[in-house]
2 protein chains.
Amino acid sequence: MDILFKTFIDHFSANQKLSEKTIAEICNHLSVLNLDKKHVLIKENQRHDFAYFVVKGAVRSYYLKDGVEVNTWFALENDMVGSLHNFKDHPSRETIELIENSTLISINLKRVKPLMFSNIQIANFINAIIEDYALFLEDKIYFSQMMSSINKYLILLDKEPQLFQRIPLTYIASFLGISRETLSRLRAK
Amino acid sequence: MDILFKTFIDHFSANQKLSEKTIAEICNHLSVLNLDKKHVLIKENQRHDFAYFVVKGAVRSYYLKDGVEVNTWFALENDMVGSLHNFKDHPSRETIELIENSTLISINLKRVKPLMFSNIQIANFINAIIEDYALFLEDKIYFSQMMSSINKYLILLDKEPQLFQRIPLTYIASFLGISRETLSRLRAK
DNA sequence: ATGATTTTGTGACATTTGTCAAATGAATTC
DNA sequence: GAATTCATTTGACAAATGTCACAAAATCAT
């Protein structure tokens with residue numbers, strides 16, 4: 001088994017011990033990818049069979065609104081990349097693109113999903129991933145509703161300082177839901 | 001089995017057939033509740049062992065921001081009420097309160113959760129609920145980022161016209177992230 | 001029904017944020 | 001390392017929204 005697979009599998013099997021057989025079965029549907037900055041993983045409006053786990057690198061997701069890119073999230077090391085729409089075989093609403101040269105693990109959802117109904121460990125493994133994702137979404141909503149833009153900026157700066165080293169302010173501004181000029185002025189204080 | 005349980009169970013077992021035994025096991029942890037308007041189901045900052053399914057009625061969720069209520073979502077017939085934070089045994093960030101006299105089914109999460117690791121049908125049943133919830137959250141985020149307030153209002157009016165019959169505009173305004181005066185002015189057009 | 005309470009609507013004004021334009025600074029490419 | 005592209009900052013102004021105050025309408029309770 002590729003040594004990188006272990007990080008990914010461990011990350012989502014904290015609440016149950018997976019048998020060797022299950023681990024092998026999951027690994028059958030994983031691959032390691034090394035891709036360059038600006039590579040597009042998933043295109044808006046297309047169906048796509050894979051989800052990804054970031055081993056090393058940075059990824060962003062955006063969609064076009066009146067021709068302007070709106071950034072919806074960023075993923076760094078140990079984050080998952082993908083969406084439930086994707087998992088449910090709906091076309092993606094977002095484009096997902098690398099911000100840095102990155103190492104990713106891809107998961108073939110189309111092949112792993114059916115195993116949920118025959119292997120209980122896989123059911124709970126996938127469950128852990130989805131739970132984690134839903135918690136992330138809940139936090140995101142709370143964050144975006146709860147805070148004024150300046151507080152969002154301060155909280156983000158406090159909780160995810162790496163973002164500001166690695167991700168252009170233009171992207172962060174659109175993620176926060178404000179124009180880059182406004183973000184620039186908030187920072188001036 | 002209470003006849004109301006069937007609606008709930010059918011609603012989340014579209015992708016697998018549950019055995020009689022599993023259905024009975026799930027029903028052990030369900031109850032029917034009839035509660036009055038303004039009853040508080042879950043209080044902000046408290047842990048809570050239950051999730052709910054709305055058979056009949058209307059429910060809202062809100063938190064306090066500088067002493068002002070911010071409404072985060074509304075649930076009507078066939079919607080789930082609860083949060084992942086709740087499921088993961090974290091204190092609730094929101095208060096959940098009935099807007100109308102309602103009939104609900106309560107699910108004892110504390111008791112049902114452990115069954116996921118021994119009963120694969122239950123694992124996939126819960127999975128269906130969580131997937132559904134995560135899809136709801138994705139839509140909510142997309143909706144809130146994608147649209148200008150007037151478009152949010154129009155879309156909501158188009159997709160959930162019942163909300164406007166049953167839920168005060170004050171709540172809807174705060175859900176849309178605008179003041180009630182602004183909503184009132186948007187409606188004037 | 002009647003008075004009290006809650007909900008919704010409207011006006012005047014202040015504040016925030018967006019937009020456009022231009023300048024500066026940083027990073028990348030040849 | 002000079003040139004080119006991209007990212008960030010700043011200013012001036014317009015547009016959108018919030019706030020406060022109050023009026024009108026609807027709803028509730030006795």
# chains A, B, ... in the order shown; residues from 1 in each chain; ligands from 1
call {"tool": "select_by_dssp", "arguments": {"residues": "range 49-130 of chain B", "states": "strand (DSSP E)", "output": "PyMOL selection string"}}
result
chain B and resi 50-56+59-65+68-75+80-81+95-98+102-108
call {"tool": "closest_atom_pairs", "arguments": {"of": "chain C", "to": "chain A", "cutoff": "10 Å", "atoms": "only C-alpha atoms (C1' of nucleotides)", "output": "JSON lines"}}
result
{"residue": "C:DT16", "atom": "C1'", "partner": "A:Thr182", "partner_atom": "CA", "distance": 9.9}
{"residue": "C:DT17", "atom": "C1'", "partner": "A:Thr182", "partner_atom": "CA", "distance": 7.1}
{"residue": "C:DG18", "atom": "C1'", "partner": "A:Ser179", "partner_atom": "CA", "distance": 7.1}
{"residue": "C:DT19", "atom": "C1'", "partner": "A:Ser179", "partner_atom": "CA", "distance": 9.7}
call {"tool": "write_last_selection", "arguments": {"atoms": "C-alpha atoms (C1' of nucleotides)", "output": "CSV table (one decimal), in the first residue's frame"}}
result
chain,number,residue,atom,x,y,z
C,16,DT,C1',-21.2,50.9,4.6
C,17,DT,C1',-19.8,48.9,0.6
C,18,DG,C1',-19.3,48.6,-4.4
C,19,DT,C1',-17.5,50.5,-8.7
call {"tool": "interface_residues", "arguments": {"of": "chain D", "to": "chain A", "cutoff": "10 Å", "atoms": "only C-alpha atoms (C1' of nucleotides)", "output": "PDB file with all heavy atoms, in the first residue's frame"}}
result
ATOM      1  P    DA D   7      -3.246  37.570  -9.816  1.00  0.00           P
ATOM      2  OP1  DA D   7      -3.396  36.259  -9.157  1.00  0.00           O
ATOM      3  OP2  DA D   7      -4.381  38.201 -10.514  1.00  0.00           O
ATOM      4  O5'  DA D   7      -2.689  38.606  -8.755  1.00  0.00           O
ATOM      5  C5'  DA D   7      -1.533  38.289  -8.004  1.00  0.00           C
ATOM      6  C4'  DA D   7      -1.351  39.322  -6.914  1.00  0.00           C
ATOM      7  O4'  DA D   7      -1.004  40.595  -7.510  1.00  0.00           O
ATOM      8  C3'  DA D   7      -2.593  39.570  -6.059  1.00  0.00           C
ATOM      9  O3'  DA D   7      -2.176  39.545  -4.700  1.00  0.00           O
ATOM     10  C2'  DA D   7      -3.111  40.938  -6.502  1.00  0.00           C
ATOM     11  C1'  DA D   7      -1.845  41.612  -7.030  1.00  0.00           C
ATOM     12  N9   DA D   7      -2.042  42.517  -8.160  1.00  0.00           N
ATOM     13  C8   DA D   7      -2.710  42.277  -9.326  1.00  0.00           C
ATOM     14  N7   DA D   7      -2.690  43.281 -10.174  1.00  0.00           N
ATOM     15  C5   DA D   7      -1.952  44.251  -9.513  1.00  0.00           C
ATOM     16  C6   DA D   7      -1.553  45.547  -9.883  1.00  0.00           C
ATOM     17  N6   DA D   7      -1.879  46.111 -11.047  1.00  0.00           N
ATOM     18  N1   DA D   7      -0.823  46.250  -9.000  1.00  0.00           N
ATOM     19  C2   DA D   7      -0.487  45.676  -7.832  1.00  0.00           C
ATOM     20  N3   DA D   7      -0.798  44.458  -7.378  1.00  0.00           N
ATOM     21  C4   DA D   7      -1.537  43.793  -8.280  1.00  0.00           C
ATOM     22  P    DT D   8      -3.199  39.925  -3.504  1.00  0.00           P
ATOM     23  OP1  DT D   8      -2.711  39.268  -2.283  1.00  0.00           O
ATOM     24  OP2  DT D   8      -4.579  39.729  -3.996  1.00  0.00           O
ATOM     25  O5'  DT D   8      -2.966  41.497  -3.340  1.00  0.00           O
ATOM     26  C5'  DT D   8      -1.729  41.955  -2.824  1.00  0.00           C
ATOM     27  C4'  DT D   8      -1.760  43.452  -2.729  1.00  0.00           C
ATOM     28  O4'  DT D   8      -2.012  44.000  -4.035  1.00  0.00           O
ATOM     29  C3'  DT D   8      -2.873  44.012  -1.819  1.00  0.00           C
ATOM     30  O3'  DT D   8      -2.229  44.641  -0.725  1.00  0.00           O
ATOM     31  C2'  DT D   8      -3.649  44.977  -2.710  1.00  0.00           C
ATOM     32  C1'  DT D   8      -2.675  45.222  -3.860  1.00  0.00           C
ATOM     33  N1   DT D   8      -3.255  45.573  -5.185  1.00  0.00           N
ATOM     34  C2   DT D   8      -2.920  46.782  -5.745  1.00  0.00           C
ATOM     35  O2   DT D   8      -2.181  47.588  -5.213  1.00  0.00           O
ATOM     36  N3   DT D   8      -3.488  47.030  -6.979  1.00  0.00           N
ATOM     37  C4   DT D   8      -4.329  46.196  -7.690  1.00  0.00           C
ATOM     38  O4   DT D   8      -4.766  46.533  -8.779  1.00  0.00           O
ATOM     39  C5   DT D   8      -4.634  44.945  -7.049  1.00  0.00           C
ATOM     40  C7   DT D   8      -5.536  43.976  -7.731  1.00  0.00           C
ATOM     41  C6   DT D   8      -4.094  44.698  -5.843  1.00  0.00           C
ATOM     42  P    DT D   9      -3.074  45.320   0.452  1.00  0.00           P
ATOM     43  OP1  DT D   9      -2.270  45.240   1.680  1.00  0.00           O
ATOM     44  OP2  DT D   9      -4.445  44.762   0.403  1.00  0.00           O
ATOM     45  O5'  DT D   9      -3.133  46.839  -0.015  1.00  0.00           O
ATOM     46  C5'  DT D   9      -1.921  47.548  -0.218  1.00  0.00           C
ATOM     47  C4'  DT D   9      -2.216  48.907  -0.808  1.00  0.00           C
ATOM     48  O4'  DT D   9      -2.783  48.744  -2.121  1.00  0.00           O
ATOM     49  C3'  DT D   9      -3.216  49.753  -0.013  1.00  0.00           C
ATOM     50  O3'  DT D   9      -2.519  50.911   0.445  1.00  0.00           O
ATOM     51  C2'  DT D   9      -4.328  50.087  -1.022  1.00  0.00           C
ATOM     52  C1'  DT D   9      -3.651  49.833  -2.359  1.00  0.00           C
ATOM     53  N1   DT D   9      -4.526  49.433  -3.501  1.00  0.00           N
ATOM     54  C2   DT D   9      -4.583  50.231  -4.618  1.00  0.00           C
ATOM     55  O2   DT D   9      -3.951  51.273  -4.727  1.00  0.00           O
ATOM     56  N3   DT D   9      -5.406  49.760  -5.630  1.00  0.00           N
ATOM     57  C4   DT D   9      -6.150  48.596  -5.611  1.00  0.00           C
ATOM     58  O4   DT D   9      -6.847  48.288  -6.569  1.00  0.00           O
ATOM     59  C5   DT D   9      -6.042  47.813  -4.406  1.00  0.00           C
ATOM     60  C7   DT D   9      -6.814  46.534  -4.287  1.00  0.00           C
ATOM     61  C6   DT D   9      -5.247  48.259  -3.423  1.00  0.00           C
ATOM     62  P    DT D  10      -3.162  51.905   1.496  1.00  0.00           P
ATOM     63  OP1  DT D  10      -2.040  52.525   2.234  1.00  0.00           O
ATOM     64  OP2  DT D  10      -4.216  51.170   2.222  1.00  0.00           O
ATOM     65  O5'  DT D  10      -3.864  53.019   0.601  1.00  0.00           O
ATOM     66  C5'  DT D  10      -3.085  53.769  -0.311  1.00  0.00           C
ATOM     67  C4'  DT D  10      -3.992  54.616  -1.187  1.00  0.00           C
ATOM     68  O4'  DT D  10      -4.612  53.772  -2.183  1.00  0.00           O
ATOM     69  C3'  DT D  10      -5.140  55.316  -0.452  1.00  0.00           C
ATOM     70  O3'  DT D  10      -4.901  56.709  -0.477  1.00  0.00           O
ATOM     71  C2'  DT D  10      -6.403  54.906  -1.214  1.00  0.00           C
ATOM     72  C1'  DT D  10      -5.838  54.371  -2.527  1.00  0.00           C
ATOM     73  N1   DT D  10      -6.647  53.317  -3.185  1.00  0.00           N
ATOM     74  C2   DT D  10      -6.953  53.462  -4.523  1.00  0.00           C
ATOM     75  O2   DT D  10      -6.592  54.414  -5.190  1.00  0.00           O
ATOM     76  N3   DT D  10      -7.694  52.434  -5.046  1.00  0.00           N
ATOM     77  C4   DT D  10      -8.148  51.311  -4.377  1.00  0.00           C
ATOM     78  O4   DT D  10      -8.813  50.447  -4.956  1.00  0.00           O
ATOM     79  C5   DT D  10      -7.802  51.230  -2.979  1.00  0.00           C
ATOM     80  C7   DT D  10      -8.249  50.054  -2.167  1.00  0.00           C
ATOM     81  C6   DT D  10      -7.072  52.224  -2.461  1.00  0.00           C
TER      82       DT D  10
END
call {"tool": "select_by_dssp", "arguments": {"residues": "range 45-137 of chain B", "states": "alpha helix (DSSP H)", "output": "VMD selection string"}}
result
chain B and resid 84 to 87 109 to 112 120 to 137
call {"tool": "write_last_selection", "arguments": {"atoms": "N, CA, C and O atoms", "output": "compact mmCIF listing (two decimals), in the first residue's frame"}}
result
# COMPACT_ATOMS: atom_id res chain seq x y z
N LEU B 84 -25.52 18.70 12.92
CA LEU B 84 -24.42 17.77 13.07
C LEU B 84 -23.72 17.99 14.40
O LEU B 84 -23.23 17.05 15.01
N HIS B 85 -23.67 19.23 14.84
CA HIS B 85 -23.05 19.53 16.12
C HIS B 85 -23.74 18.73 17.22
O HIS B 85 -23.11 18.17 18.11
N ASN B 86 -25.04 18.70 17.11
CA ASN B 86 -25.88 17.93 17.98
C ASN B 86 -25.56 16.43 17.88
O ASN B 86 -25.29 15.76 18.89
N PHE B 87 -25.53 15.94 16.68
CA PHE B 87 -25.23 14.52 16.41
C PHE B 87 -23.87 14.13 16.97
O PHE B 87 -23.67 13.04 17.46
N LEU B 109 -30.76 10.03 19.33
CA LEU B 109 -29.48 9.84 18.64
C LEU B 109 -28.49 9.05 19.48
O LEU B 109 -27.75 8.21 18.96
N LYS B 110 -28.47 9.35 20.74
CA LYS B 110 -27.52 8.69 21.63
C LYS B 110 -27.66 7.18 21.57
O LYS B 110 -26.69 6.44 21.65
N ARG B 111 -28.89 6.73 21.39
CA ARG B 111 -29.12 5.28 21.35
C ARG B 111 -28.97 4.71 19.95
O ARG B 111 -28.56 3.57 19.78
N VAL B 112 -29.34 5.49 18.93
CA VAL B 112 -29.32 4.94 17.58
C VAL B 112 -27.90 4.93 17.01
O VAL B 112 -27.50 4.00 16.31
N ILE B 120 -25.64 -2.79 9.41
CA ILE B 120 -25.28 -2.05 8.19
C ILE B 120 -26.47 -1.28 7.61
O ILE B 120 -26.30 -0.21 7.02
N GLN B 121 -27.66 -1.80 7.81
CA GLN B 121 -28.84 -1.08 7.30
C GLN B 121 -29.03 0.23 8.05
O GLN B 121 -29.38 1.26 7.46
N ILE B 122 -28.79 0.17 9.35
CA ILE B 122 -28.91 1.40 10.13
C ILE B 122 -27.81 2.39 9.75
O ILE B 122 -28.04 3.59 9.63
N ALA B 123 -26.61 1.87 9.52
CA ALA B 123 -25.51 2.73 9.07
C ALA B 123 -25.92 3.48 7.81
O ALA B 123 -25.73 4.70 7.70
N ASN B 124 -26.53 2.77 6.86
CA ASN B 124 -26.89 3.42 5.61
C ASN B 124 -28.14 4.29 5.74
O ASN B 124 -28.30 5.27 5.01
N PHE B 125 -28.99 3.94 6.68
CA PHE B 125 -30.16 4.77 6.97
C PHE B 125 -29.72 6.14 7.50
O PHE B 125 -30.14 7.20 7.01
N ILE B 126 -28.82 6.10 8.49
CA ILE B 126 -28.32 7.35 9.05
C ILE B 126 -27.53 8.13 8.02
O ILE B 126 -27.61 9.35 7.90
N ASN B 127 -26.79 7.37 7.23
CA ASN B 127 -26.05 8.00 6.14
C ASN B 127 -26.97 8.78 5.22
O ASN B 127 -26.64 9.91 4.81
N ALA B 128 -28.10 8.20 4.90
CA ALA B 128 -29.04 8.88 4.00
C ALA B 128 -29.52 10.19 4.63
O ALA B 128 -29.64 11.21 3.94
N ILE B 129 -29.75 10.17 5.93
CA ILE B 129 -30.19 11.39 6.61
C ILE B 129 -29.11 12.46 6.56
O ILE B 129 -29.36 13.62 6.24
N ILE B 130 -27.88 12.04 6.84
CA ILE B 130 -26.79 13.00 6.87
C ILE B 130 -26.46 13.53 5.47
O ILE B 130 -26.21 14.73 5.29
N GLU B 131 -26.51 12.65 4.49
CA GLU B 131 -26.28 13.09 3.11
C GLU B 131 -27.30 14.14 2.72
O GLU B 131 -26.98 15.17 2.11
N ASP B 132 -28.53 13.84 3.05
CA ASP B 132 -29.62 14.74 2.74
C ASP B 132 -29.39 16.11 3.39
O ASP B 132 -29.58 17.16 2.77
N TYR B 133 -28.96 16.06 4.62
CA TYR B 133 -28.69 17.27 5.37
C TYR B 133 -27.53 18.05 4.76
O TYR B 133 -27.60 19.28 4.60
N ALA B 134 -26.47 17.34 4.36
CA ALA B 134 -25.32 18.02 3.78
C ALA B 134 -25.68 18.66 2.44
O ALA B 134 -25.23 19.75 2.12
N LEU B 135 -26.52 17.98 1.67
CA LEU B 135 -26.99 18.56 0.41
C LEU B 135 -27.78 19.84 0.68
O LEU B 135 -27.61 20.85 -0.02
N PHE B 136 -28.60 19.79 1.71
CA PHE B 136 -29.37 20.97 2.13
C PHE B 136 -28.41 22.12 2.48
O PHE B 136 -28.62 23.27 2.07
N LEU B 137 -27.36 21.79 3.23
CA LEU B 137 -26.39 22.83 3.60
C LEU B 137 -25.67 23.40 2.38
O LEU B 137 -25.47 24.60 2.27
call {"tool": "atom_distance", "arguments": {"atom1": "C1' of DG11 in chain D", "atom2": "C1' of DA21 in chain C"}}
result
9.1 Å
call {"tool": "residues_around", "arguments": {"residues": "Ser92 in chain B", "least_positions_apart": "3", "cutoff": "9 Å", "atoms": "only C-alpha atoms (C1' of nucleotides)", "output": "list in words"}}
result
Ile42, Lys43, Glu44, Asn45, Gln46, Arg47, His48, Ser83, His85, Asn86, Asp89 and Thr95 of chain B
call {"tool": "write_last_selection", "arguments": {"atoms": "C-alpha atoms", "output": "mmCIF file, in the first residue's frame"}}
result
data_model
loop_
_atom_site.group_PDB
_atom_site.id
_atom_site.type_symbol
_atom_site.label_atom_id
_atom_site.label_comp_id
_atom_site.auth_asym_id
_atom_site.auth_seq_id
_atom_site.Cartn_x
_atom_site.Cartn_y
_atom_site.Cartn_z
ATOM 1 C CA ILE B 42 -33.222 22.819 21.816
ATOM 2 C CA LYS B 43 -31.576 25.664 23.692
ATOM 3 C CA GLU B 44 -28.456 27.492 22.571
ATOM 4 C CA ASN B 45 -25.295 26.191 24.263
ATOM 5 C CA GLN B 46 -26.913 23.004 25.540
ATOM 6 C CA ARG B 47 -26.203 19.433 24.566
ATOM 7 C CA HIS B 48 -29.194 17.467 23.392
ATOM 8 C CA SER B 83 -27.637 19.680 13.509
ATOM 9 C CA HIS B 85 -23.049 19.527 16.125
ATOM 10 C CA ASN B 86 -25.883 17.931 17.985
ATOM 11 C CA ASP B 89 -22.513 15.615 20.962
ATOM 12 C CA THR B 95 -32.108 27.695 19.716
#
call {"tool": "closest_residue", "arguments": {"among": "A:Ser61, A:Thr72, A:Thr7, A:Ser13", "to": "Ile141 in chain B", "atoms": "only C-alpha atoms"}}
result
A:Thr72
call {"tool": "closest_atom_pairs", "arguments": {"of": "chain C", "to": "range 14-29 of chain D", "cutoff": "10 Å", "atoms": "only C-alpha atoms (C1' of nucleotides)", "output": "JSON lines"}}
result
{"residue": "C:DG3", "atom": "C1'", "partner": "D:DA29", "partner_atom": "C1'", "distance": 9.6}
{"residue": "C:DA4", "atom": "C1'", "partner": "D:DA29", "partner_atom": "C1'", "distance": 8.4}
{"residue": "C:DT5", "atom": "C1'", "partner": "D:DC28", "partner_atom": "C1'", "distance": 7.4}
{"residue": "C:DT6", "atom": "C1'", "partner": "D:DT27", "partner_atom": "C1'", "distance": 7.1}
{"residue": "C:DT7", "atom": "C1'", "partner": "D:DA26", "partner_atom": "C1'", "distance": 7.0}
{"residue": "C:DT8", "atom": "C1'", "partner": "D:DA25", "partner_atom": "C1'", "distance": 7.2}
{"residue": "C:DG9", "atom": "C1'", "partner": "D:DA24", "partner_atom": "C1'", "distance": 7.4}
{"residue": "C:DT10", "atom": "C1'", "partner": "D:DA23", "partner_atom": "C1'", "distance": 8.2}
{"residue": "C:DG11", "atom": "C1'", "partner": "D:DA21", "partner_atom": "C1'", "distance": 9.2}
{"residue": "C:DA12", "atom": "C1'", "partner": "D:DC20", "partner_atom": "C1'", "distance": 9.4}
{"residue": "C:DC13", "atom": "C1'", "partner": "D:DT19", "partner_atom": "C1'", "distance": 8.9}
{"residue": "C:DA14", "atom": "C1'", "partner": "D:DT19", "partner_atom": "C1'", "distance": 8.0}
{"residue": "C:DT15", "atom": "C1'", "partner": "D:DG18", "partner_atom": "C1'", "distance": 7.5}
{"residue": "C:DT16", "atom": "C1'", "partner": "D:DT17", "partner_atom": "C1'", "distance": 7.8}
{"residue": "C:DT17", "atom": "C1'", "partner": "D:DA16", "partner_atom": "C1'", "distance": 8.0}
{"residue": "C:DG18", "atom": "C1'", "partner": "D:DA15", "partner_atom": "C1'", "distance": 7.6}
{"residue": "C:DT19", "atom": "C1'", "partner": "D:DA14", "partner_atom": "C1'", "distance": 8.0}
call {"tool": "residues_around", "arguments": {"residues": "range 149-154 of chain A", "least_positions_apart": "5", "cutoff": "10 Å", "atoms": "only C-alpha atoms (C1' of nucleotides)", "output": "list in words"}}
result
Phe143, Ser144, Lys159, Glu160, Pro161, Ile172, Ala173, Leu176, Gly177, Ile178, Thr182, Leu183, Leu186 and Arg187 of chain A
call {"tool": "write_last_selection", "arguments": {"atoms": "N, CA and C atoms", "output": "compact mmCIF listing (two decimals), in the first residue's frame"}}
result
# COMPACT_ATOMS: atom_id res chain seq x y z
N PHE A 143 -20.22 30.88 10.40
CA PHE A 143 -19.18 31.89 10.20
C PHE A 143 -19.69 33.01 9.29
N SER A 144 -20.33 32.62 8.18
CA SER A 144 -20.71 33.64 7.21
C SER A 144 -21.92 34.46 7.67
N LYS A 159 -7.56 31.94 12.89
CA LYS A 159 -7.71 30.48 12.81
C LYS A 159 -6.93 29.84 11.67
N GLU A 160 -6.79 30.57 10.57
CA GLU A 160 -6.15 29.99 9.40
C GLU A 160 -5.09 30.94 8.84
N PRO A 161 -4.12 31.31 9.65
CA PRO A 161 -3.13 32.29 9.18
C PRO A 161 -2.38 31.84 7.92
N ILE A 172 -9.45 35.61 -1.27
CA ILE A 172 -9.97 35.63 0.10
C ILE A 172 -11.12 36.64 0.22
N ALA A 173 -10.95 37.80 -0.45
CA ALA A 173 -12.01 38.80 -0.42
C ALA A 173 -13.31 38.21 -0.97
N LEU A 176 -14.88 35.93 1.43
CA LEU A 176 -15.53 36.63 2.53
C LEU A 176 -16.79 37.37 2.09
N GLY A 177 -16.99 37.43 0.78
CA GLY A 177 -18.19 38.09 0.27
C GLY A 177 -18.06 39.60 0.16
N ILE A 178 -16.84 40.10 0.08
CA ILE A 178 -16.65 41.54 -0.07
C ILE A 178 -15.70 41.79 -1.25
N THR A 182 -12.56 46.61 -0.52
CA THR A 182 -13.03 46.68 0.87
C THR A 182 -12.10 45.91 1.80
N LEU A 183 -11.67 44.73 1.38
CA LEU A 183 -10.76 43.96 2.21
C LEU A 183 -9.46 44.74 2.44
N LEU A 186 -10.06 47.27 5.05
CA LEU A 186 -10.16 46.68 6.40
C LEU A 186 -8.76 46.38 6.94
N ARG A 187 -7.89 45.90 6.06
CA ARG A 187 -6.55 45.54 6.48
C ARG A 187 -5.73 46.77 6.88
call {"tool": "atom_distance", "arguments": {"atom1": "CA of His11 in chain B", "atom2": "CA of Arg93 in chain B"}}
result
26.9 Å
call {"tool": "closest_residue", "arguments": {"among": "A:Met146, A:Val81, A:Leu98, A:Ile3", "to": "chain B", "atoms": "only C-alpha atoms"}}
result
A:Met146
call {"tool": "atom_distance", "arguments": {"atom1": "CA of Glu20 in chain B", "atom2": "CA of Met80 in chain B"}}
result
23.3 Å
call {"tool": "closest_residue", "arguments": {"among": "A:Leu163, A:Ile26, A:Leu76, A:Leu64", "to": "chain B", "atoms": "only C-alpha atoms"}}
result
A:Leu64
call {"tool": "closest_residue", "arguments": {"among": "A:Asp139, A:Glu77, A:Asp36, A:Asp2", "to": "chain B", "atoms": "only C-alpha atoms"}}
result
A:Asp139
call {"tool": "closest_residue", "arguments": {"among": "B:Glu94, B:Asp79, B:Asp10, B:Glu100", "to": "chain A", "atoms": "only C-alpha atoms"}}
result
B:Glu94
